[in-house]
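Single-structure report; data block below.
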Amino acid sequence: MKCSIIRTEKICTGHRLHSPFLTDEENRKIYGKCNHSNGHGHNYTIQAVIEGEIIKDTGMVMNLVDLKRAMWKVLSQLDHKNVDKDVEYFKNFPSTAENIARWIFTELSQELPPGSYHLKKIILDETVKNRVEIYD
């Protein structure tokens, strides 16, 4: 029987929606006010969904303390930062909610300690109205 555990964290991050694959005019047209040269910020809520079997000896899928540590190792690279300037990945890809969620998923997958579980999904709430879910 499978079980999912979910850890929620919050970060504050600044960015500018601007794609290096588009012209300045295309960027302005597609991203509108979110393409402003000074950028803008969000208070993101991130949920990591871990799936696995409940371990008989511990009664847990994984230790939530380990999940918290792994999440903050990743999220501290974004928290109170301008992701476009401070995270190498976003120098080459637009910092959309989709790409931020993808980056978190990839980084967190590498930070989780070994176990009989896996990262099933990252849920990123950019605003109360905008949510992205990314999964393998």
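Residues are referred to by chain and number: the chain letter is A, B, ... according to the order shown in the structure tokens, the number counts from 1 in that chain, and ligands are numbered separately from 1 in the order shown.
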
Backbone DSSP call of alpha helix (DSSP H) for segment 29-72 of chain A, listed as a ChimeraX atom specification | /A:29-31,64-72

Output for the residues just chosen: C-alpha atoms as a compact mmCIF listing (two decimals), in the first residue's frame:
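To be explicit, this is the file written out as part_4.txt:
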# COMPACT_ATOMS: atom_id res chain seq x y z
CA LYS A 29 3.79 41.31 -25.58
CA ILE A 30 3.71 37.85 -23.92
CA TYR A 31 4.59 38.73 -20.31
CA LEU A 64 10.02 14.64 7.93
CA VAL A 65 13.09 16.24 9.54
CA ASP A 66 15.17 14.90 6.63
CA LEU A 67 12.63 16.24 4.15
CA LYS A 68 12.64 19.65 5.83
CA ARG A 69 16.45 19.83 5.68
CA ALA A 70 16.55 18.82 2.02
CA MET A 71 13.83 21.31 1.10
CA TRP A 72 15.61 24.20 2.81

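For segment 16-19 of chain A, the set of protein, DNA and RNA residues having any atom at most 8 Å away, when counting only C-alpha atoms and skipping those fewer than 6 positions along the same chain, is Asn27, Tyr31, Cys34, Asn35, His36, Ser37, Asn38, Gly39, His40, Asp84, Asn92, Phe93, Pro94, Ser95 and Thr96 of chain A.
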
Can you work out the spacing between atom CA of Lys120 of chain A and atom CA of Phe90 of chain A in Å, to one decimal?
-> 23.3 Å

Could you tell me how far atom CA of Ile55 of chain A lies from atom CA of Ser116 of chain A, in Å and to one decimal?
-> 8.6 Å

Where does DSSP see strand (DSSP E) in segment 12-79 of chain A, if you list the residues as a PyMOL selection string?
-> chain A and resi 12-15+40-53

Quick one: residues within 10 Å of Val74 of chain A, only C-alpha atoms, excluding same-chain residues fewer than 2 positions away - as a compact mmCIF listing (two decimals) with C-alpha atoms, in the first residue's frame?
# COMPACT_ATOMS: atom_id res chain seq x y z
CA ARG A 69 16.45 19.83 5.68
CA ALA A 70 16.55 18.82 2.02
CA MET A 71 13.83 21.31 1.10
CA TRP A 72 15.61 24.20 2.81
CA SER A 76 17.40 28.77 0.48
CA GLN A 77 18.90 29.28 -2.99
CA LEU A 78 15.64 31.08 -3.96
CA ASP A 79 14.41 32.66 -0.72
CA TRP A 103 14.03 23.53 -10.95
CA ILE A 104 12.84 22.77 -7.39
CA PHE A 105 11.78 19.24 -8.43
CA THR A 106 15.15 18.51 -10.04
CA GLU A 107 17.21 19.95 -7.20
CA LEU A 108 15.16 18.36 -4.43
CA SER A 109 15.28 14.95 -6.14
CA GLN A 110 19.07 15.13 -5.83
CA GLU A 111 19.04 16.28 -2.18

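Distance check against Leu124 of chain A using only C-alpha atoms: of A:Arg28, A:Lys85, A:Arg7, A:Lys91, the minimum falls on A:Arg7.
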
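The space separating atom CA of Met60 of chain A from atom CA of Leu112 of chain A comes to 15.1 Å.
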
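Near Thr127 of chain A, within 9 Å and counting only C-alpha atoms, sit His42, Asn43, Tyr44 and Thr45 of chain A; same-chain residues fewer than 5 positions away were not included.
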
Min atom-atom distance to Tyr135 of chain A from the set A:Ala97, A:Arg102, A:Glu53, A:Leu75, counting only C-alpha atoms, belongs to A:Arg102
